Amino acid sequence: MPHQHFILHKPYGYLSQFIYELKRKKKLLGELHDFPNGTMAIGRLDEDSEGLLLLTTDGKESDRICSSKVDKEYYVQVDGQITSEAIEKIRLGVEIGFDGKKYQTKPCNAFIVSDIPDFGARAKKIRDERHGPTSWASITLNEGKFRQVRKMTAAVGFPTLRLVRVRIGDIHLGNLRAGEVTEVAGFTTVPNLSASAP
């Protein structure tokens with residue numbers, strides 16, 4: 001039986017897993033599509049994050065992609081009008097907390113986004129627009145500390161309101177809507193080992 005591979009636009013509010021052992025009811029990936037037995041997510045997105053997620057029935061393929069320093073691009077909506085100075089700090093690396101210790105993020109690619117893709121409305125409203133302006137930025141990482149993008153924007157004074165992963169290597173989210181799944185032949189275009197650092 002050949003392995004199967006999928007590209008998913010993970011909606012807000014879903015865990016990047018198929019089994020959840022704790023008693024609280026959570027939304028899981030199996031509710032979005034009739035995936036074959038043995039399907040696993042390659043990496044993860046937090047429950048309150050959205051966007052591109054790769055899935056496969058091939059554990060070796062999952063290990064290959066997870067073990068490589070693959071570029072992952074995120075579009076992040078932040079509280080306030082993010083400045084070029086804040087973007088430059090993110091590009092050069094900022095200090096965040098990780099596992100109770102201080103961590104200096106690696107240099108990365110980041111820029112202000114003016115032409116926002118239509119991601120559709122989020123299941124949970126971002127916030128009331130009367131609370132002030134918001135803006136978007138693109139941040140590309142090839143490291144993946146816990147909630148790293150959110151910690152990075154907070155470190156420069158612009159807390160994250162919405163986070164959408166739009167690219168993994170050379171695979172793009174494209175026009176896939178939240179909750180939609182596409183089956184593909186494989187992930188031959190991952191990894192894209194281009195250096196994110198300037």
# chains A, B, ... in the order shown; residues from 1 in each chain; ligands from 1
>>> select_by_dssp(residues="stretch 26-69 of chain A", states="strand (DSSP E)", output="mmCIF file with N, CA, C and O atoms, in the first residue's frame")
data_model
loop_
_atom_site.group_PDB
_atom_site.id
_atom_site.type_symbol
_atom_site.label_atom_id
_atom_site.label_comp_id
_atom_site.auth_asym_id
_atom_site.auth_seq_id
_atom_site.Cartn_x
_atom_site.Cartn_y
_atom_site.Cartn_z
ATOM 1 N N MET A 40 -0.072 11.218 10.129
ATOM 2 C CA MET A 40 0.526 12.039 11.187
ATOM 3 C C MET A 40 0.839 13.427 10.634
ATOM 4 O O MET A 40 1.111 13.593 9.445
ATOM 5 N N ALA A 41 0.778 14.415 11.507
ATOM 6 C CA ALA A 41 1.180 15.766 11.131
ATOM 7 C C ALA A 41 2.698 15.861 11.161
ATOM 8 O O ALA A 41 3.354 15.298 12.042
ATOM 9 N N ILE A 42 3.264 16.547 10.182
ATOM 10 C CA ILE A 42 4.707 16.792 10.150
ATOM 11 C C ILE A 42 4.949 18.125 10.846
ATOM 12 O O ILE A 42 4.629 19.184 10.309
ATOM 13 N N GLU A 50 -2.920 29.169 12.670
ATOM 14 C CA GLU A 50 -3.596 28.678 11.474
ATOM 15 C C GLU A 50 -2.586 28.454 10.359
ATOM 16 O O GLU A 50 -1.431 28.832 10.455
ATOM 17 N N GLY A 51 -3.077 27.839 9.270
ATOM 18 C CA GLY A 51 -2.277 27.812 8.060
ATOM 19 C C GLY A 51 -1.759 26.457 7.657
ATOM 20 O O GLY A 51 -2.331 25.409 7.989
ATOM 21 N N LEU A 52 -0.659 26.478 6.937
ATOM 22 C CA LEU A 52 -0.128 25.316 6.231
ATOM 23 C C LEU A 52 0.381 24.245 7.189
ATOM 24 O O LEU A 52 1.229 24.494 8.045
ATOM 25 N N LEU A 53 -0.154 23.036 7.014
ATOM 26 C CA LEU A 53 0.290 21.875 7.786
ATOM 27 C C LEU A 53 0.413 20.701 6.824
ATOM 28 O O LEU A 53 -0.500 20.446 6.033
ATOM 29 N N LEU A 54 1.544 20.012 6.866
ATOM 30 C CA LEU A 54 1.764 18.836 6.030
ATOM 31 C C LEU A 54 1.459 17.586 6.837
ATOM 32 O O LEU A 54 1.786 17.514 8.019
ATOM 33 N N LEU A 55 0.837 16.607 6.188
ATOM 34 C CA LEU A 55 0.513 15.342 6.843
ATOM 35 C C LEU A 55 0.935 14.194 5.943
ATOM 36 O O LEU A 55 0.937 14.308 4.711
ATOM 37 N N THR A 56 1.288 13.061 6.553
ATOM 38 C CA THR A 56 1.749 11.913 5.783
ATOM 39 C C THR A 56 1.492 10.622 6.555
ATOM 40 O O THR A 56 1.354 10.647 7.781
#
>>> select_by_dssp(residues="chain A", states="helix (DSSP H, G or I)", output="ChimeraX atom specification")
/A:29-31,59-67,84-92,129-131,148-155
>>> residues_around(residues="stretch 140-148 of chain A", least_positions_apart="3", cutoff="9 Å", atoms="only C-alpha atoms", output="PyMOL selection string")
chain A and resi 46+68-75+96+98-99+105-110+151-153+167+193+195-197
>>> write_last_selection(atoms="C-alpha atoms", output="PDB file, in the first residue's frame")
ATOM      1  CA  ASP A  46      -0.445  25.694  18.039  1.00  0.00           C
ATOM      2  CA  SER A  68      15.996  19.448   8.216  1.00  0.00           C
ATOM      3  CA  LYS A  69      16.298  23.172   8.707  1.00  0.00           C
ATOM      4  CA  VAL A  70      13.337  23.979   6.477  1.00  0.00           C
ATOM      5  CA  ASP A  71      12.239  27.573   5.995  1.00  0.00           C
ATOM      6  CA  LYS A  72       8.792  28.232   7.445  1.00  0.00           C
ATOM      7  CA  GLU A  73       7.119  31.544   6.589  1.00  0.00           C
ATOM      8  CA  TYR A  74       4.436  33.050   8.801  1.00  0.00           C
ATOM      9  CA  TYR A  75       2.134  35.999   8.233  1.00  0.00           C
ATOM     10  CA  ILE A  96      12.927  35.538  24.225  1.00  0.00           C
ATOM     11  CA  PHE A  98      12.332  29.435  26.389  1.00  0.00           C
ATOM     12  CA  ASP A  99      12.187  26.621  28.962  1.00  0.00           C
ATOM     13  CA  THR A 105      16.706  33.971  18.144  1.00  0.00           C
ATOM     14  CA  LYS A 106      18.747  33.481  14.996  1.00  0.00           C
ATOM     15  CA  PRO A 107      18.820  36.087  12.222  1.00  0.00           C
ATOM     16  CA  CYS A 108      15.840  35.647   9.935  1.00  0.00           C
ATOM     17  CA  ASN A 109      13.972  37.218   7.060  1.00  0.00           C
ATOM     18  CA  ALA A 110      11.189  39.612   8.057  1.00  0.00           C
ATOM     19  CA  LYS A 151       7.379  35.757  21.555  1.00  0.00           C
ATOM     20  CA  MET A 152       9.446  37.583  18.929  1.00  0.00           C
ATOM     21  CA  THR A 153       6.744  40.122  18.065  1.00  0.00           C
ATOM     22  CA  ARG A 167       4.941  28.362   3.435  1.00  0.00           C
ATOM     23  CA  LEU A 193      17.523  24.741   2.515  1.00  0.00           C
ATOM     24  CA  ALA A 195      19.461  30.373   4.282  1.00  0.00           C
ATOM     25  CA  SER A 196      16.975  32.682   5.939  1.00  0.00           C
ATOM     26  CA  ALA A 197      19.685  34.814   7.448  1.00  0.00           C
TER      27      ALA A 197
END
>>> closest_residue(among="A:Arg44, A:Arg122, A:Arg91, A:His5", to="A:Gly179", atoms="only C-alpha atoms")
A:Arg122
>>> residues_around(residues="stretch 114-120 of chain A", least_positions_apart="6", cutoff="8 Å", atoms="only C-alpha atoms", output="list in words")
Trp136, Arg177 and Ala178 of chain A
>>> write_last_selection(atoms="N, CA and C atoms", output="CSV table (one decimal), in the first residue's frame")
chain,number,residue,atom,x,y,z
A,136,TRP,N,0.4,43.8,9.6
A,136,TRP,CA,0.8,42.5,9.3
A,136,TRP,C,2.3,42.5,8.9
A,177,ARG,N,-8.5,27.1,1.5
A,177,ARG,CA,-9.3,27.8,2.5
A,177,ARG,C,-9.1,27.0,3.8
A,178,ALA,N,-9.5,27.7,4.9
A,178,ALA,CA,-9.4,27.0,6.3
A,178,ALA,C,-10.2,25.7,6.3
>>> atom_distance(atom1="atom CA of A:Ser135", atom2="atom CA of A:Val78")
5.5 Å
>>> closest_residue(among="A:Ser49, A:Tyr14, A:Leu163, A:His3", to="A:Phe35", atoms="only C-alpha atoms")
A:His3
>>> atom_distance(atom1="atom CA of A:Gly169", atom2="atom CA of A:Phe187")
9.5 Å
>>> closest_residue(among="A:Ile65, A:Ala185, A:Ile168, A:Val156", to="A:Lys89", atoms="only C-alpha atoms")
A:Val156
>>> closest_residue(among="A:Val149, A:Val164, A:Leu176, A:Ala123", to="A:Gly93", atoms="only C-alpha atoms")
A:Val149
>>> residues_around(residues="A:Asp34", least_positions_apart="3", cutoff="12 Å", atoms="only C-alpha atoms", output="list in words")
Phe6, Phe18, Leu29, Gly30, Glu31, Asn37, Gly38, Thr39, Glu180, Val181, Thr182 and Glu183 of chain A
>>> atom_distance(atom1="atom CA of A:Val76", atom2="atom CA of A:Lys27")
22.6 Å
>>> closest_residue(among="A:Ala155, A:Gly186, A:Glu21, A:Gln77", to="A:Lys102", atoms="only C-alpha atoms")
A:Ala155
>>> decode(residues="stretch 27-148 of chain A", atoms="C-alpha atoms", output="PDB file, in the first residue's frame")
ATOM      1  CA  LYS A  27     -10.941  19.760  18.039  1.00  0.00           C
ATOM      2  CA  LEU A  28      -8.613  17.305  16.257  1.00  0.00           C
ATOM      3  CA  LEU A  29      -7.394  16.962  12.672  1.00  0.00           C
ATOM      4  CA  GLY A  30      -9.444  13.823  12.029  1.00  0.00           C
ATOM      5  CA  GLU A  31     -12.596  15.943  12.107  1.00  0.00           C
ATOM      6  CA  LEU A  32     -11.505  17.831   8.980  1.00  0.00           C
ATOM      7  CA  HIS A  33     -11.046  14.952   6.509  1.00  0.00           C
ATOM      8  CA  ASP A  34     -11.264  11.180   6.178  1.00  0.00           C
ATOM      9  CA  PHE A  35      -7.530  10.611   6.576  1.00  0.00           C
ATOM     10  CA  PRO A  36      -6.197   7.043   6.272  1.00  0.00           C
ATOM     11  CA  ASN A  37      -5.047   5.183   9.376  1.00  0.00           C
ATOM     12  CA  GLY A  38      -1.526   6.107  10.409  1.00  0.00           C
ATOM     13  CA  THR A  39      -1.665   9.690   9.153  1.00  0.00           C
ATOM     14  CA  MET A  40       0.526  12.039  11.187  1.00  0.00           C
ATOM     15  CA  ALA A  41       1.180  15.766  11.131  1.00  0.00           C
ATOM     16  CA  ILE A  42       4.707  16.792  10.150  1.00  0.00           C
ATOM     17  CA  GLY A  43       5.572  19.292  12.846  1.00  0.00           C
ATOM     18  CA  ARG A  44       2.796  21.263  14.444  1.00  0.00           C
ATOM     19  CA  LEU A  45       0.868  24.495  14.685  1.00  0.00           C
ATOM     20  CA  ASP A  46      -0.445  25.694  18.039  1.00  0.00           C
ATOM     21  CA  GLU A  47      -4.174  25.478  18.701  1.00  0.00           C
ATOM     22  CA  ASP A  48      -4.579  29.226  18.158  1.00  0.00           C
ATOM     23  CA  SER A  49      -2.424  29.301  15.017  1.00  0.00           C
ATOM     24  CA  GLU A  50      -3.596  28.678  11.474  1.00  0.00           C
ATOM     25  CA  GLY A  51      -2.277  27.812   8.060  1.00  0.00           C
ATOM     26  CA  LEU A  52      -0.128  25.316   6.231  1.00  0.00           C
ATOM     27  CA  LEU A  53       0.290  21.875   7.786  1.00  0.00           C
ATOM     28  CA  LEU A  54       1.764  18.836   6.030  1.00  0.00           C
ATOM     29  CA  LEU A  55       0.513  15.342   6.843  1.00  0.00           C
ATOM     30  CA  THR A  56       1.749  11.913   5.783  1.00  0.00           C
ATOM     31  CA  THR A  57       1.413   8.205   6.482  1.00  0.00           C
ATOM     32  CA  ASP A  58       5.189   7.846   5.974  1.00  0.00           C
ATOM     33  CA  GLY A  59       7.141   8.162   9.228  1.00  0.00           C
ATOM     34  CA  LYS A  60      10.454   8.365   7.341  1.00  0.00           C
ATOM     35  CA  GLU A  61       9.165  11.321   5.326  1.00  0.00           C
ATOM     36  CA  SER A  62       8.039  13.022   8.512  1.00  0.00           C
ATOM     37  CA  ASP A  63      11.468  12.477  10.113  1.00  0.00           C
ATOM     38  CA  ARG A  64      13.247  13.753   6.987  1.00  0.00           C
ATOM     39  CA  ILE A  65      11.368  17.033   6.949  1.00  0.00           C
ATOM     40  CA  CYS A  66      11.397  17.556  10.726  1.00  0.00           C
ATOM     41  CA  SER A  67      15.136  16.959  10.969  1.00  0.00           C
ATOM     42  CA  SER A  68      15.996  19.448   8.216  1.00  0.00           C
ATOM     43  CA  LYS A  69      16.298  23.172   8.707  1.00  0.00           C
ATOM     44  CA  VAL A  70      13.337  23.979   6.477  1.00  0.00           C
ATOM     45  CA  ASP A  71      12.239  27.573   5.995  1.00  0.00           C
ATOM     46  CA  LYS A  72       8.792  28.232   7.445  1.00  0.00           C
ATOM     47  CA  GLU A  73       7.119  31.544   6.589  1.00  0.00           C
ATOM     48  CA  TYR A  74       4.436  33.050   8.801  1.00  0.00           C
ATOM     49  CA  TYR A  75       2.134  35.999   8.233  1.00  0.00           C
ATOM     50  CA  VAL A  76       1.462  37.570  11.597  1.00  0.00           C
ATOM     51  CA  GLN A  77      -1.124  40.205  12.479  1.00  0.00           C
ATOM     52  CA  VAL A  78       0.068  42.364  15.346  1.00  0.00           C
ATOM     53  CA  ASP A  79      -1.408  44.948  17.684  1.00  0.00           C
ATOM     54  CA  GLY A  80      -0.435  48.387  16.378  1.00  0.00           C
ATOM     55  CA  GLN A  81       1.383  49.635  13.283  1.00  0.00           C
ATOM     56  CA  ILE A  82       4.619  47.675  13.322  1.00  0.00           C
ATOM     57  CA  THR A  83       7.664  49.802  12.527  1.00  0.00           C
ATOM     58  CA  SER A  84      10.670  49.196  10.317  1.00  0.00           C
ATOM     59  CA  GLU A  85      12.814  49.457  13.464  1.00  0.00           C
ATOM     60  CA  ALA A  86      10.894  46.590  15.081  1.00  0.00           C
ATOM     61  CA  ILE A  87      11.221  44.508  11.895  1.00  0.00           C
ATOM     62  CA  GLU A  88      14.972  45.121  11.859  1.00  0.00           C
ATOM     63  CA  LYS A  89      15.267  43.894  15.455  1.00  0.00           C
ATOM     64  CA  ILE A  90      13.366  40.725  14.516  1.00  0.00           C
ATOM     65  CA  ARG A  91      15.634  40.222  11.487  1.00  0.00           C
ATOM     66  CA  LEU A  92      18.781  40.487  13.587  1.00  0.00           C
ATOM     67  CA  GLY A  93      17.455  38.316  16.424  1.00  0.00           C
ATOM     68  CA  VAL A  94      15.731  39.110  19.701  1.00  0.00           C
ATOM     69  CA  GLU A  95      15.892  37.690  23.204  1.00  0.00           C
ATOM     70  CA  ILE A  96      12.927  35.538  24.225  1.00  0.00           C
ATOM     71  CA  GLY A  97      12.195  33.157  27.084  1.00  0.00           C
ATOM     72  CA  PHE A  98      12.332  29.435  26.389  1.00  0.00           C
ATOM     73  CA  ASP A  99      12.187  26.621  28.962  1.00  0.00           C
ATOM     74  CA  GLY A 100      12.757  29.123  31.755  1.00  0.00           C
ATOM     75  CA  LYS A 101      15.944  30.423  30.113  1.00  0.00           C
ATOM     76  CA  LYS A 102      16.799  33.336  27.879  1.00  0.00           C
ATOM     77  CA  TYR A 103      17.207  32.507  24.204  1.00  0.00           C
ATOM     78  CA  GLN A 104      18.558  34.666  21.366  1.00  0.00           C
ATOM     79  CA  THR A 105      16.706  33.971  18.144  1.00  0.00           C
ATOM     80  CA  LYS A 106      18.747  33.481  14.996  1.00  0.00           C
ATOM     81  CA  PRO A 107      18.820  36.087  12.222  1.00  0.00           C
ATOM     82  CA  CYS A 108      15.840  35.647   9.935  1.00  0.00           C
ATOM     83  CA  ASN A 109      13.972  37.218   7.060  1.00  0.00           C
ATOM     84  CA  ALA A 110      11.189  39.612   8.057  1.00  0.00           C
ATOM     85  CA  PHE A 111       9.297  42.459   6.384  1.00  0.00           C
ATOM     86  CA  ILE A 112       6.112  44.502   6.691  1.00  0.00           C
ATOM     87  CA  VAL A 113       3.235  43.100   4.626  1.00  0.00           C
ATOM     88  CA  SER A 114       0.981  45.641   2.937  1.00  0.00           C
ATOM     89  CA  ASP A 115      -0.906  43.347   0.537  1.00  0.00           C
ATOM     90  CA  ILE A 116      -2.696  40.963   2.908  1.00  0.00           C
ATOM     91  CA  PRO A 117      -3.980  37.686   1.438  1.00  0.00           C
ATOM     92  CA  ASP A 118      -7.644  36.866   2.025  1.00  0.00           C
ATOM     93  CA  PHE A 119      -7.342  34.254   4.771  1.00  0.00           C
ATOM     94  CA  GLY A 120     -11.060  34.498   5.516  1.00  0.00           C
ATOM     95  CA  ALA A 121     -12.626  35.324   8.855  1.00  0.00           C
ATOM     96  CA  ARG A 122     -11.238  33.487  11.860  1.00  0.00           C
ATOM     97  CA  ALA A 123     -13.568  31.285  13.919  1.00  0.00           C
ATOM     98  CA  LYS A 124     -12.914  33.501  16.930  1.00  0.00           C
ATOM     99  CA  LYS A 125     -13.006  37.234  16.302  1.00  0.00           C
ATOM    100  CA  ILE A 126      -9.588  38.863  16.547  1.00  0.00           C
ATOM    101  CA  ARG A 127     -10.801  41.859  18.553  1.00  0.00           C
ATOM    102  CA  ASP A 128     -12.878  44.994  18.207  1.00  0.00           C
ATOM    103  CA  GLU A 129     -11.358  47.437  15.704  1.00  0.00           C
ATOM    104  CA  ARG A 130     -12.102  50.297  18.084  1.00  0.00           C
ATOM    105  CA  HIS A 131      -9.139  49.145  20.163  1.00  0.00           C
ATOM    106  CA  GLY A 132      -6.738  50.633  17.637  1.00  0.00           C
ATOM    107  CA  PRO A 133      -4.931  49.734  14.408  1.00  0.00           C
ATOM    108  CA  THR A 134      -3.342  46.431  13.504  1.00  0.00           C
ATOM    109  CA  SER A 135      -0.729  45.536  10.905  1.00  0.00           C
ATOM    110  CA  TRP A 136       0.840  42.466   9.287  1.00  0.00           C
ATOM    111  CA  ALA A 137       4.398  41.219   8.929  1.00  0.00           C
ATOM    112  CA  SER A 138       6.093  38.223   7.338  1.00  0.00           C
ATOM    113  CA  ILE A 139       8.604  36.277   9.432  1.00  0.00           C
ATOM    114  CA  THR A 140      10.553  33.332   8.007  1.00  0.00           C
ATOM    115  CA  LEU A 141      12.290  30.940  10.407  1.00  0.00           C
ATOM    116  CA  ASN A 142      14.198  27.675  10.091  1.00  0.00           C
ATOM    117  CA  GLU A 143      14.127  27.064  13.820  1.00  0.00           C
ATOM    118  CA  GLY A 144      10.994  26.330  15.791  1.00  0.00           C
ATOM    119  CA  LYS A 145      11.024  27.107  19.478  1.00  0.00           C
ATOM    120  CA  PHE A 146       7.698  26.933  21.335  1.00  0.00           C
ATOM    121  CA  ARG A 147       5.487  29.880  20.293  1.00  0.00           C
ATOM    122  CA  GLN A 148       8.572  31.568  18.895  1.00  0.00           C
TER     123      GLN A 148
END
